[in-house]
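Student: For reference, this is start.cif, and it has mmCIF, C-alpha atoms.
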data_upload
loop_
_atom_site.label_atom_id
_atom_site.label_comp_id
_atom_site.auth_asym_id
_atom_site.auth_seq_id
_atom_site.Cartn_x
_atom_site.Cartn_y
_atom_site.Cartn_z
CA MET A 240 277.12 236.59 -39.79
CA ASP A 241 276.69 238.24 -43.18
CA ARG A 242 279.67 236.28 -44.53
CA VAL A 243 278.55 232.91 -43.18
CA PRO A 244 277.27 230.70 -46.04
CA VAL A 245 273.58 229.87 -45.86
CA GLU A 246 274.47 226.15 -45.90
CA VAL A 247 276.45 226.57 -42.67
CA ILE A 248 273.51 228.36 -41.04
CA GLY A 249 271.36 225.42 -42.10
CA ASN A 250 273.76 223.06 -40.30
CA ILE A 251 273.61 225.24 -37.19
CA LEU A 252 269.80 225.18 -37.19
CA SER A 253 269.88 221.40 -37.71
CA HIS A 254 271.89 220.97 -34.51
CA LEU A 255 269.22 222.86 -32.57
CA GLY A 256 266.88 219.99 -33.35
CA ALA A 257 263.79 221.17 -31.43
CA ALA A 258 261.25 222.63 -33.86
CA ARG A 259 260.35 225.52 -31.54
CA ASP A 260 264.00 226.65 -31.33
CA VAL A 261 264.46 226.31 -35.09
CA VAL A 262 261.38 228.44 -35.81
CA ILE A 263 262.49 231.15 -33.37
CA ALA A 264 266.04 231.20 -34.74
CA SER A 265 264.87 231.28 -38.35
CA ALA A 266 262.93 234.49 -37.64
CA THR A 267 266.25 236.34 -37.15
CA CYS A 268 266.48 237.53 -40.74
CA LYS A 269 265.77 236.62 -44.36
CA LYS A 270 269.02 234.66 -44.66
CA TRP A 271 268.18 232.46 -41.69
CA ARG A 272 264.67 231.87 -43.05
CA GLU A 273 266.21 230.75 -46.32
CA ALA A 274 268.58 228.43 -44.44
CA CYS A 275 265.61 226.91 -42.58
CA HIS A 276 263.69 226.46 -45.82
CA ARG A 277 266.43 225.02 -48.03
CA HIS A 278 269.22 223.65 -45.82
CA LEU A 279 267.61 222.33 -42.63
CA HIS A 280 268.46 218.64 -42.17
CA MET A 281 266.92 217.72 -38.79
CA LEU A 282 263.63 218.66 -37.14
CA SER A 283 262.22 217.41 -33.83
CA PHE A 284 258.75 217.66 -32.30
CA ASN A 285 258.87 216.33 -28.75
CA SER A 286 256.13 216.83 -26.18
CA ASP A 287 258.82 216.92 -23.47
CA ASP A 288 260.73 219.78 -25.12
CA TRP A 289 257.91 222.29 -24.87
CA PRO A 290 255.13 221.86 -22.27
CA VAL A 291 252.82 224.07 -24.36
CA PHE A 292 252.48 221.13 -26.76
CA ARG A 293 250.32 219.40 -24.13
CA ASP A 294 248.05 222.42 -23.73
CA LEU A 295 247.23 222.73 -27.42
CA THR A 296 244.28 220.93 -28.98
CA THR A 297 245.24 218.06 -31.25
CA SER A 298 243.94 219.85 -34.35
CA ARG A 299 245.95 222.99 -33.51
CA LEU A 300 249.06 220.91 -32.92
CA GLU A 301 248.58 219.15 -36.26
CA ILE A 302 248.42 222.53 -38.00
CA LEU A 303 251.61 223.77 -36.31
CA ILE A 304 253.55 220.64 -37.21
CA THR A 305 252.22 220.67 -40.79
CA GLN A 306 253.15 224.32 -41.32
CA THR A 307 256.65 223.82 -39.89
CA ILE A 308 257.43 220.67 -41.91
CA PHE A 309 256.04 222.09 -45.16
CA GLN A 310 258.29 225.14 -44.85
CA THR A 311 261.36 222.90 -45.12
CA LYS A 312 262.90 221.23 -48.11
CA GLY A 313 265.08 218.13 -48.06
CA LEU A 314 264.75 217.02 -44.41
CA GLN A 315 267.00 214.06 -43.63
CA GLY A 316 265.95 213.53 -40.00
CA LEU A 317 262.48 213.80 -38.50
CA SER A 318 261.52 213.12 -34.89
CA ILE A 319 257.88 213.16 -33.80
CA LEU A 320 257.59 211.99 -30.19
CA MET A 321 254.21 212.75 -28.67
CA ASP A 322 253.89 210.71 -25.47
CA ASP A 323 251.19 212.68 -23.67
CA VAL A 324 249.20 213.90 -26.64
CA ASP A 325 245.84 212.58 -27.82
CA GLU A 326 245.54 210.69 -31.08
CA PHE A 327 246.32 212.52 -34.31
CA SER A 328 244.37 212.09 -37.52
CA ALA A 329 246.01 209.56 -39.81
CA SER A 330 245.69 211.88 -42.82
CA ALA A 331 247.85 214.58 -41.20
CA VAL A 332 250.59 212.15 -40.21
CA ILE A 333 250.61 210.52 -43.65
CA ALA A 334 250.96 213.98 -45.21
CA TRP A 335 254.07 214.70 -43.06
CA LEU A 336 255.68 211.40 -43.99
CA MET A 337 254.80 211.60 -47.68
CA TYR A 338 256.27 215.11 -47.90
CA THR A 339 259.60 214.09 -46.36
CA ARG A 340 260.05 210.42 -47.20
CA GLU A 341 262.15 210.79 -50.38
CA THR A 342 264.99 212.53 -48.53
CA LEU A 343 264.47 211.09 -45.04
CA ARG A 344 267.35 209.09 -43.55
CA CYS A 345 266.30 208.95 -39.87
CA LEU A 346 262.78 208.70 -38.46
CA PHE A 347 261.86 208.71 -34.76
CA TYR A 348 258.12 208.05 -34.59
CA ASN A 349 255.91 207.84 -31.51
CA VAL A 350 252.49 209.04 -32.55
CA ARG A 351 249.11 207.52 -31.84
CA THR A 352 246.71 207.90 -34.75
CA THR A 353 243.17 206.98 -35.73
CA PRO A 354 243.26 204.78 -37.71
CA ASN A 355 246.74 203.30 -37.32
CA VAL A 356 249.30 204.51 -39.87
CA ASN A 357 251.26 201.74 -41.56
CA ILE A 358 254.79 203.13 -41.48
CA LEU A 359 256.05 200.26 -43.63
CA ASP A 360 253.71 201.21 -46.48
CA VAL A 361 254.55 204.91 -46.33
CA CYS A 362 258.32 204.73 -45.82
CA GLY A 363 259.20 201.46 -47.52
CA ARG A 364 261.35 201.41 -50.67
CA GLN A 365 262.92 204.75 -49.72
CA LYS A 366 266.36 205.77 -48.38
CA LEU A 367 265.59 205.41 -44.67
CA GLU A 368 268.64 204.25 -42.68
CA LEU A 369 267.36 204.48 -39.08
CA LEU A 370 263.83 203.82 -37.81
CA VAL A 371 262.75 204.18 -34.18
CA LEU A 372 259.11 203.22 -33.75
CA ALA A 373 257.04 203.28 -30.55
CA HIS A 374 253.42 202.63 -29.50
CA ASN A 375 252.38 201.34 -32.89
CA SER A 376 251.22 198.11 -34.47
CA ILE A 377 252.65 196.22 -37.41
CA THR A 378 250.66 193.58 -39.29
CA GLY A 379 250.88 191.73 -42.58
CA VAL A 380 254.51 192.46 -43.48
CA GLU A 381 255.27 191.94 -47.18
CA PRO A 382 259.09 191.80 -47.57
CA ASN A 383 259.01 192.19 -51.34
CA TYR A 384 256.79 195.29 -51.25
CA GLN A 385 257.57 196.90 -47.87
CA ARG A 386 261.31 196.81 -48.35
CA PHE A 387 263.93 198.96 -46.60
CA PRO A 388 267.04 198.53 -48.77
CA PHE A 389 269.21 201.00 -46.78
CA LEU A 390 267.94 200.50 -43.23
CA THR A 391 270.76 199.62 -40.81
CA SER A 392 269.10 200.34 -37.43
CA LEU A 393 265.61 199.34 -36.27
CA SER A 394 264.18 199.97 -32.78
CA LEU A 395 260.69 198.88 -31.75
CA SER A 396 259.28 199.95 -28.36
CA TYR A 397 255.81 198.92 -27.15
CA VAL A 398 254.98 197.77 -30.65
CA SER A 399 252.38 195.12 -31.35
CA ILE A 400 253.70 192.58 -33.84
CA SER A 401 253.60 188.84 -34.44
CA SER A 402 256.68 186.66 -34.41
CA LEU A 403 256.24 185.94 -38.11
CA ASP A 404 255.91 189.61 -39.03
CA LEU A 405 258.96 190.48 -36.94
CA ASN A 406 261.09 187.94 -38.78
CA LEU A 407 259.67 189.06 -42.13
CA LEU A 408 260.51 192.66 -41.22
CA LEU A 409 264.14 191.63 -40.69
CA THR A 410 264.06 189.94 -44.08
CA ALA A 411 262.80 193.21 -45.59
CA CYS A 412 265.94 194.95 -44.25
CA PRO A 413 268.87 193.33 -46.12
CA MET A 414 271.44 195.72 -44.58
CA ILE A 415 270.21 195.80 -40.98
CA GLU A 416 272.96 195.84 -38.32
CA PHE A 417 271.11 196.85 -35.13
CA LEU A 418 267.81 195.57 -33.73
CA GLY A 419 266.29 196.93 -30.52
CA LEU A 420 263.16 195.45 -28.93
CA VAL A 421 261.67 197.06 -25.82
CA SER A 422 258.52 195.55 -24.30
CA PRO A 423 257.04 194.36 -27.59
CA GLU A 424 253.55 192.93 -27.61
CA ILE A 425 254.04 189.62 -29.40
CA ALA A 426 250.85 188.32 -30.93
CA ILE A 427 250.15 184.74 -29.83
CA THR A 428 249.70 182.36 -32.74
CA ASP A 429 249.68 179.08 -30.79
CA ALA A 430 249.80 177.76 -27.24
CA GLN A 431 253.37 179.02 -26.80
CA VAL A 432 254.69 182.56 -27.09
CA THR A 433 257.63 182.00 -29.41
CA VAL A 434 259.93 184.33 -31.33
CA GLU A 435 262.30 183.04 -34.00
CA LEU A 436 264.57 185.59 -35.65
CA SER A 437 267.14 185.09 -38.37
CA SER A 438 269.50 187.59 -40.00
CA HIS A 439 272.88 187.34 -41.70
CA THR A 440 273.69 191.05 -41.28
CA LEU A 441 272.78 191.81 -37.66
CA LYS A 442 275.73 192.95 -35.52
CA LYS A 443 273.99 194.23 -32.38
CA VAL A 444 270.79 193.09 -30.66
CA TYR A 445 269.20 194.71 -27.59
CA VAL A 446 266.13 193.11 -26.00
CA GLU A 447 264.36 194.53 -22.93
CA ALA A 448 261.24 193.63 -20.96
CA ILE A 449 260.10 190.62 -22.95
CA SER A 450 258.47 187.43 -21.68
CA LEU A 451 258.51 184.38 -23.93
CA ASP A 452 258.37 180.62 -23.83
CA LYS A 453 261.02 180.36 -26.51
CA PHE A 454 263.35 182.87 -28.12
CA THR A 455 265.55 181.66 -30.96
CA LEU A 456 268.11 183.97 -32.54
CA GLU A 457 270.17 182.99 -35.57
CA ALA A 458 272.67 185.70 -36.49
CA ASP A 459 275.86 184.73 -38.28
CA ASN A 460 277.63 188.08 -37.79
CA LEU A 461 276.35 189.15 -34.37
CA GLU A 462 278.96 190.98 -32.28
CA LYS A 463 276.95 192.27 -29.30
CA LEU A 464 273.96 190.73 -27.51
CA HIS A 465 272.27 192.48 -24.57
CA LEU A 466 269.27 191.04 -22.72
CA LYS A 467 267.63 193.10 -19.94
CA ASP A 468 264.61 192.48 -17.67
CA CYS A 469 263.56 189.40 -19.65
CA ALA A 470 261.81 186.19 -18.65
CA LEU A 471 262.52 183.33 -21.05
CA GLU A 472 261.97 179.63 -20.64
CA LEU A 473 264.35 178.82 -23.50
CA PHE A 474 266.87 181.10 -25.18
CA GLU A 475 268.76 179.63 -28.09
CA PHE A 476 271.46 181.48 -29.99
CA SER A 477 273.40 180.29 -33.00
CA GLY A 478 276.07 182.20 -34.88
CA LYS A 479 279.48 181.70 -36.43
CA GLY A 480 281.84 182.71 -33.65
CA THR A 481 281.62 186.49 -34.18
CA LEU A 482 280.02 187.33 -30.79
CA LYS A 483 282.32 189.63 -28.78
CA HIS A 484 280.08 191.25 -26.15
CA PHE A 485 277.48 189.26 -24.18
CA LYS A 486 275.47 191.08 -21.50
CA MET A 487 272.53 189.92 -19.36
CA ASP A 488 270.92 192.12 -16.72
CA ASP A 489 268.06 190.94 -14.50
CA VAL A 490 267.19 188.05 -16.79
CA SER A 491 265.45 184.79 -15.99
CA ILE A 492 266.29 181.93 -18.37
CA LEU A 493 265.46 178.33 -17.53
CA HIS A 494 267.43 176.89 -20.45
CA LEU A 495 270.30 178.78 -22.07
CA ASP A 496 271.57 177.15 -25.24
CA ILE A 497 274.44 178.59 -27.24
CA VAL A 498 274.62 176.36 -30.30
CA GLU A 499 277.77 177.68 -31.96
CA PRO A 500 281.15 178.27 -30.27
CA VAL A 501 281.69 181.69 -28.69
CA ASP A 502 285.47 181.57 -28.54
CA GLY A 503 285.71 185.18 -29.76
CA LEU A 504 284.07 186.69 -26.68
CA GLU A 505 285.87 189.73 -25.28
CA ILE A 506 283.29 191.02 -22.77
CA VAL A 507 280.90 189.03 -20.56
CA ASP A 508 278.67 191.04 -18.23
CA VAL A 509 276.08 189.15 -16.16
CA SER A 510 274.10 190.66 -13.28
CA ASN A 511 270.98 189.73 -11.28
CA PHE A 512 270.82 186.34 -12.93
CA THR A 513 270.30 182.78 -11.74
CA ILE A 514 272.70 180.38 -13.46
CA ILE A 515 274.15 176.92 -13.32
CA TRP A 516 277.82 177.92 -13.10
CA SER A 517 279.17 174.72 -14.65
CA LYS A 518 276.87 175.15 -17.67
CA PHE A 519 277.62 178.84 -18.05
CA TYR A 520 281.36 178.30 -17.59
CA GLN A 521 281.28 175.61 -20.27
CA ILE A 522 279.79 178.15 -22.69
CA ILE A 523 282.44 180.83 -22.13
CA SER A 524 285.47 178.70 -21.16
CA LYS A 525 286.96 178.67 -24.67
CA SER A 526 286.92 182.46 -24.92
CA SER A 527 290.67 182.89 -24.53
CA LYS A 528 290.40 186.51 -25.76
CA LEU A 529 288.11 187.54 -22.89
CA ARG A 530 289.18 190.97 -21.55
CA ARG A 531 286.30 191.93 -19.23
CA LEU A 532 284.31 189.60 -16.97
CA ARG A 533 281.56 190.86 -14.67
CA LEU A 534 279.46 188.54 -12.49
CA TRP A 535 277.30 190.68 -10.21
CA ASN A 536 274.50 189.53 -7.91
CA VAL A 537 274.61 186.15 -9.60
CA VAL A 538 272.63 183.38 -7.90
CA PHE A 539 273.67 179.79 -8.48
CA ASP A 540 270.97 177.28 -9.24
CA ASP A 541 272.89 174.62 -7.32
CA GLU A 542 273.54 175.71 -3.73
CA ILE A 543 277.01 174.12 -3.62
CA GLU A 544 278.24 175.87 -6.80
CA PHE A 545 280.72 178.72 -6.75
CA VAL A 546 282.81 180.93 -9.07
CA ASP A 547 286.10 179.07 -9.48
CA LEU A 548 288.89 181.67 -9.57
CA GLU A 549 291.48 179.10 -10.59
CA SER A 550 289.51 178.26 -13.74
CA ILE A 551 289.11 181.95 -14.53
CA ALA A 552 292.85 182.53 -14.17
CA LEU A 553 293.75 179.60 -16.41
CA CYS A 554 291.14 180.05 -19.15
CA PHE A 555 291.21 183.83 -19.57
CA PRO A 556 294.88 184.92 -19.74
CA ASP A 557 294.03 188.28 -21.37
CA LEU A 558 291.54 189.30 -18.68
CA SER A 559 292.16 192.94 -17.68
CA TYR A 560 288.92 193.77 -15.80
CA LEU A 561 287.26 191.47 -13.26
CA ALA A 562 284.09 192.38 -11.35
CA LEU A 563 282.67 190.03 -8.74
CA SER A 564 280.04 190.51 -6.05
CA TYR A 565 280.26 188.69 -2.73
CA ASP A 566 277.04 186.86 -1.89
CA LEU A 567 277.39 183.46 -0.22
CA ARG A 568 274.84 181.41 1.71
CA ASP A 569 275.34 181.52 5.45
CA ASP A 570 275.19 177.76 6.03
CA LEU A 571 277.83 176.95 3.39
CA LYS A 572 279.82 180.18 3.36
CA GLU A 573 283.13 179.05 4.83
CA GLY A 574 283.32 175.86 2.78
CA ILE A 575 282.43 177.49 -0.54
CA LEU A 576 284.78 180.39 0.18
CA HIS A 577 287.62 177.91 0.78
CA TYR A 578 287.06 175.98 -2.43
CA SER A 579 286.41 179.05 -4.62
CA LEU A 580 289.76 180.54 -3.58
CA GLN A 581 291.78 177.36 -4.09
CA GLY A 582 294.72 177.43 -6.48
CA SER A 583 297.48 179.96 -6.97
CA SER A 584 297.47 180.76 -10.70
CA PRO A 585 297.93 184.52 -11.10
CA MET A 586 295.78 186.79 -13.23
CA GLU A 587 298.73 188.64 -14.74
CA ASN A 588 296.82 191.11 -16.91
CA VAL A 589 294.06 192.13 -14.51
CA SER A 590 294.55 195.85 -13.92
CA VAL A 591 291.11 196.65 -12.46
CA LEU A 592 289.30 194.70 -9.74
CA ASP A 593 285.69 195.71 -9.08
CA LEU A 594 284.41 193.97 -5.94
CA GLY A 595 281.27 194.42 -3.89
CA TRP A 596 278.92 193.01 -1.30
CA THR A 597 275.20 192.90 -0.65
CA VAL A 598 275.55 191.77 2.97
CA LEU A 599 278.88 192.49 4.66
CA ASP A 600 280.43 189.86 6.94
CA GLU A 601 283.78 189.01 8.54
CA HIS A 602 284.98 187.00 5.51
CA PHE A 603 284.74 189.77 2.91
CA ALA A 604 288.13 191.35 3.70
CA ASP A 605 289.83 187.93 3.42
CA TRP A 606 288.14 187.38 0.07
CA VAL A 607 289.43 190.76 -1.18
CA ALA A 608 292.94 189.96 0.09
CA CYS A 609 293.01 186.66 -1.79
CA LEU A 610 291.96 188.32 -5.02
CA LEU A 611 294.62 191.00 -4.60
CA ARG A 612 297.31 188.35 -4.24
CA ARG A 613 296.26 186.84 -7.57
CA CYS A 614 296.61 190.16 -9.43
CA PRO A 615 300.30 191.19 -9.34
CA ASN A 616 299.84 194.00 -11.89
CA LEU A 617 296.71 195.55 -10.40
CA LYS A 618 296.34 199.31 -10.81
CA LYS A 619 292.85 200.02 -9.47
CA LEU A 620 290.57 198.47 -6.83
CA ILE A 621 286.91 199.44 -6.61
CA ILE A 622 284.95 198.41 -3.51
CA ARG A 623 281.16 198.65 -3.79
CA GLY A 624 278.85 198.12 -0.85
CA VAL A 625 275.28 198.44 0.32
CA VAL A 626 274.95 200.40 3.56
CA SER A 627 271.50 200.66 5.10
CA GLU A 628 270.33 204.01 6.50
CA SER A 629 269.23 202.45 9.80
CA LYS A 630 272.33 200.46 10.75
CA THR A 631 272.33 198.21 13.79
CA HIS A 632 275.21 198.16 16.26
CA VAL A 633 276.44 194.89 14.73
CA GLU A 634 276.41 196.37 11.22
CA CYS A 635 278.32 199.46 12.37
CA HIS A 636 280.92 197.26 14.05
CA MET A 637 281.24 195.10 10.92
CA LEU A 638 281.73 198.13 8.67
CA ALA A 639 284.33 199.61 11.04
CA SER A 640 286.17 196.29 11.22
CA PHE A 641 286.17 195.95 7.44
CA THR A 642 287.48 199.52 7.01
CA SER A 643 290.37 198.83 9.40
CA SER A 644 291.18 195.59 7.58
CA ILE A 645 291.21 197.26 4.17
CA VAL A 646 293.39 200.14 5.39
CA GLN A 647 295.89 197.66 6.79
CA LEU A 648 295.73 195.48 3.69
CA MET A 649 296.29 198.32 1.22
CA ARG A 650 299.53 199.32 2.94
CA LYS A 651 300.98 196.37 1.06
CA TYR A 652 299.63 197.72 -2.24
CA LEU A 653 300.53 201.41 -2.22
CA HIS A 654 300.69 201.44 -6.03
CA VAL A 655 296.99 200.49 -6.28
CA ASP A 656 294.37 203.25 -6.56
CA VAL A 657 291.45 202.42 -4.21
CA GLN A 658 287.92 203.72 -4.74
CA PHE A 659 284.90 203.15 -2.45
CA VAL A 660 281.35 203.34 -3.82
CA TYR A 661 278.56 202.93 -1.25
CA GLU A 662 274.83 202.85 -1.85
#
With the file now loaded, output its structure as structure tokens.
Tutor:
Amino acid sequence: MDRVPVEVIGNILSHLGAARDVVIASATCKKWREACHRHLHMLSFNSDDWPVFRDLTTSRLEILITQTIFQTKGLQGLSILMDDVDEFSASAVIAWLMYTRETLRCLFYNVRTTPNVNILDVCGRQKLELLVLAHNSITGVEPNYQRFPFLTSLSLSYVSISSLDLNLLLTACPMIEFLGLVSPEIAITDAQVTVELSSHTLKKVYVEAISLDKFTLEADNLEKLHLKDCALELFEFSGKGTLKHFKMDDVSILHLDIVEPVDGLEIVDVSNFTIIWSKFYQIISKSSKLRRLRLWNVVFDDEIEFVDLESIALCFPDLSYLALSYDLRDDLKEGILHYSLQGSSPMENVSVLDLGWTVLDEHFADWVACLLRRCPNLKKLIIRGVVSESKTHVECHMLASFTSSIVQLMRKYLHVDVQFVYE
């Protein structure tokens, strides 16, 4: 190790990340202490990394963090995640941020303080490129003063902020490409809870656990949009045809309005969602470049609606991955199954079929067989199913019958790799 440059040792220590491990390693010798002091780039204080953090008094913890940070020079990444720790004094936290802010590129911040520390005031106008903020509050955003000229990624979790301040914060980040919102507390300014966001640079947006009357997103260059565990009365998106990946998971939307064309879509992934198929199909039908389509545990708003395989085959010629779950109403099952499987247009490029059921019945094997016939170049078939621990005699018989049917069916498709995934 004597011949290893001190800069390389600094890189090694930076990959350790956890402050406790860095301090222990730096005690090895004088050279390692120098590497920690002058060439350490990343430092992390996480209450989950070291349980002793929770046993220390807040004042003692503040001293340890202060001593460790002040022994470094030129930190580019700082992570302070204290979930189960009492509130810190604002003066100590401000001292940490002021000491590191000129060189800081990445900041992960989850610290409760008294009073609240305004991260925008402390870290604005610096070189910060990534900011992950949790359990904090943001008020009175001033885009001209609290500006983040180099910030490309912003994540807010359990942050209290108004719709206006959130939009102003985006304005203060002229290079932002990623926005993540997890369970934000949106301040109510009128009778409706409304969020209106606009950005010309955003490429990826992730929104989780949010409940709003209206959510409007205007993003000219957005490529990926992911909504999860959201309840929205109206969601309106407008862009300029750059959206490639659209994902919704366990989302309730009464009115979905895509203003601009989305003919560039390559991936559509929808699960645990109630939709009007005709409306949704109209939105995605012009996406001739679509490669992956996943509709899982989708409930149709109109009881006589169904996924039309013929339309999928005709409109998405480049489709290579198709995932569908089998969930039909008992009283209309046979009729809907008949109409959904009508047509004979092949899906030439589908190489992976991912199929599953919530409740298994005698029609599922026929449904699988029909899909197999439509995919002449299929390479892999994935069957997913839900199997209860306490199965009745009827359920056991149904599963055995299905297994026999699949074994017999796959003798015709020996070139296809079959995988079963049961829950």
Student: Check the smallest atom-to-atom distance from each of A:Ser392, A:Thr297, A:Ser564, A:Thr305 to Thr352 (chain A) using all atoms listed in the file, then report the winner.
Tutor: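 When distances to Thr352 (chain A) are compared using all atoms listed in the file, the smallest one comes from A:Thr297.
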Student: Which residue, A:Leu390, A:Val398, A:Val490, A:Leu303, has the smallest gap to Val350 (chain A) when you use only C-alpha atoms?
Tutor: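 Checking each candidate against Val350 (chain A), we get A:Val398 as the closest.
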Student: Considering all atoms listed in the file, state which residue in the set A:Ser438, A:Ser422, A:Gln306, A:Asn285 is at the smallest distance from Ser318 (chain A).
Tutor: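 Closest candidate: A:Asn285.
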Student: Which is closest to Ile400 (chain A) among A:His374, A:Lys483, A:Arg531, A:Lys442, if we use all atoms listed in the file?
Tutor: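 That would be A:His374, the residue with the smallest distance to Ile400 (chain A).
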Student: What lies within 9 Å of Leu359 (chain A) using all atoms listed in the file, ignoring chain neighbours under 6 positions off, as a list in words?
Tutor: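 Here the qualifying residues turn out to be Ile377, Val380, Gln385, Arg386 and Phe387 of chain A.
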Student: Determine, counting all atoms listed in the file, every residue of protein, DNA or RNA that lies within 12 Å of (270.5, 192.0, -0.6) in the file coordinates, then give the result as a PDB file with C-alpha atoms, in the frame of the given file.
Tutor:
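Produced file result_8.pdb, reproduced below:
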ATOM      1  CA  ASN A 511     270.980 189.730 -11.280  1.00  0.00           C
ATOM      2  CA  TRP A 535     277.300 190.680 -10.210  1.00  0.00           C
ATOM      3  CA  ASN A 536     274.500 189.530  -7.910  1.00  0.00           C
ATOM      4  CA  VAL A 537     274.610 186.150  -9.600  1.00  0.00           C
ATOM      5  CA  VAL A 538     272.630 183.380  -7.900  1.00  0.00           C
ATOM      6  CA  SER A 564     280.040 190.510  -6.050  1.00  0.00           C
ATOM      7  CA  TYR A 565     280.260 188.690  -2.730  1.00  0.00           C
ATOM      8  CA  ASP A 566     277.040 186.860  -1.890  1.00  0.00           C
ATOM      9  CA  LEU A 567     277.390 183.460  -0.220  1.00  0.00           C
ATOM     10  CA  ARG A 568     274.840 181.410   1.710  1.00  0.00           C
ATOM     11  CA  GLY A 595     281.270 194.420  -3.890  1.00  0.00           C
ATOM     12  CA  TRP A 596     278.920 193.010  -1.300  1.00  0.00           C
ATOM     13  CA  THR A 597     275.200 192.900  -0.650  1.00  0.00           C
ATOM     14  CA  VAL A 598     275.550 191.770   2.970  1.00  0.00           C
ATOM     15  CA  LEU A 599     278.880 192.490   4.660  1.00  0.00           C
ATOM     16  CA  GLY A 624     278.850 198.120  -0.850  1.00  0.00           C
ATOM     17  CA  VAL A 625     275.280 198.440   0.320  1.00  0.00           C
ATOM     18  CA  VAL A 626     274.950 200.400   3.560  1.00  0.00           C
ATOM     19  CA  SER A 627     271.500 200.660   5.100  1.00  0.00           C
ATOM     20  CA  GLU A 662     274.830 202.850  -1.850  1.00  0.00           C
TER      21      GLU A 662
END
Student: Using the chain letters and residue numbers of this document, give as a CSV table (one decimal) with C-alpha atoms, keeping the file's coordinate frame the residues selected by the PyMOL selection byres ((chain A and resi 412-416) around 8).
Tutor:
chain,number,residue,atom,x,y,z
A,386,ARG,CA,261.3,196.8,-48.4
A,387,PHE,CA,263.9,199.0,-46.6
A,388,PRO,CA,267.0,198.5,-48.8
A,389,PHE,CA,269.2,201.0,-46.8
A,390,LEU,CA,267.9,200.5,-43.2
A,391,THR,CA,270.8,199.6,-40.8
A,392,SER,CA,269.1,200.3,-37.4
A,393,LEU,CA,265.6,199.3,-36.3
A,408,LEU,CA,260.5,192.7,-41.2
A,409,LEU,CA,264.1,191.6,-40.7
A,410,THR,CA,264.1,189.9,-44.1
A,411,ALA,CA,262.8,193.2,-45.6
A,417,PHE,CA,271.1,196.8,-35.1
A,418,LEU,CA,267.8,195.6,-33.7
A,440,THR,CA,273.7,191.0,-41.3
A,441,LEU,CA,272.8,191.8,-37.7
A,442,LYS,CA,275.7,193.0,-35.5
A,443,LYS,CA,274.0,194.2,-32.4
Student: Between A:Leu611, A:Ile304, A:Ile522, A:Val507, single out the one closest to Leu558 (chain A), counting all atoms listed in the file.
Tutor: A:Val507
Student: Could you tell me how far CA of Asp360 (chain A) lies from CA of Thr455 (chain A), in Å and to one decimal?
Tutor: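 Between CA of Asp360 (chain A) and CA of Thr455 (chain A) the gap works out to 27.6 Å.
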Student: With the PyMOL selection byres ((chain A and resi 255) around 12) as the selection, what would be picked from this file? Answer as a list in words, please.
Tutor: Ile248, Gly249, Asn250, Ile251, Leu252, Ser253, His254, Gly256, Ala257, Ala258, Arg259, Asp260, Val261, Val262, Ile263, Ala264, Ser265, Cys275, Leu279, His280, Met281, Leu282, Ser283, Phe284 and Asp288 of chain A
Student: Between CA of Leu451 (chain A) and CA of Thr481 (chain A), what distance in Å does the model show, to one decimal?
Tutor: 25.4 Å
Student: Got a sec to resolve the PyMOL selection byres ((chain A and resi 333) around 10) on this structure and send the residues as a PDB file with C-alpha atoms, in the coordinates of the input?
Tutor:
ATOM      1  CA  SER A 328     244.370 212.090 -37.520  1.00  0.00           C
ATOM      2  CA  ALA A 329     246.010 209.560 -39.810  1.00  0.00           C
ATOM      3  CA  SER A 330     245.690 211.880 -42.820  1.00  0.00           C
ATOM      4  CA  ALA A 331     247.850 214.580 -41.200  1.00  0.00           C
ATOM      5  CA  VAL A 332     250.590 212.150 -40.210  1.00  0.00           C
ATOM      6  CA  ALA A 334     250.960 213.980 -45.210  1.00  0.00           C
ATOM      7  CA  TRP A 335     254.070 214.700 -43.060  1.00  0.00           C
ATOM      8  CA  LEU A 336     255.680 211.400 -43.990  1.00  0.00           C
ATOM      9  CA  MET A 337     254.800 211.600 -47.680  1.00  0.00           C
ATOM     10  CA  TYR A 338     256.270 215.110 -47.900  1.00  0.00           C
ATOM     11  CA  VAL A 356     249.300 204.510 -39.870  1.00  0.00           C
ATOM     12  CA  ASN A 357     251.260 201.740 -41.560  1.00  0.00           C
ATOM     13  CA  ILE A 358     254.790 203.130 -41.480  1.00  0.00           C
ATOM     14  CA  VAL A 361     254.550 204.910 -46.330  1.00  0.00           C
ATOM     15  CA  CYS A 362     258.320 204.730 -45.820  1.00  0.00           C
TER      16      CYS A 362
END
Student: Leaving out region 648-656 of chain A and any residue of its chain fewer than 2 positions from it, which residues lie within 10 Å of it when counting all atoms listed in the file, given as a list in words?
Tutor: Ser590, Val591, Ala604, Asp605, Val607, Ala608, Leu611, Arg612, Pro615, Asn616, Leu617, Lys618, Lys619, Leu620, Ile621, Thr642, Ser643, Ser644, Ile645, Val646 and Gln658 of chain A
Student: List as a ChimeraX atom specification the residues having at least one atom at most 12 Å from position (272.1, 187.6, -22.3) as given in the file, counting only C-alpha atoms.
Tutor: /A:444-447,454,456,463-471,473-476,482,484-492,494-497,506-514,519
Student: Using only C-alpha atoms, which of A:Leu594, A:Leu504, A:Leu372, A:Ala552 sits nearest Ile319 (chain A)?
Tutor: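 Closest to Ile319 (chain A), using only C-alpha atoms: A:Leu372.
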Student: Draw an axis-aligned box over all listed atoms of region 446-460 of chain A, pad each side with 8 Å, and write its centre and edge lengths in Å, one decimal, as lines of an AutoDock Vina configuration file.
Tutor:
center_x = 268.0
center_y = 187.4
center_z = -29.6
size_x = 35.3
size_y = 30.2
size_z = 33.3
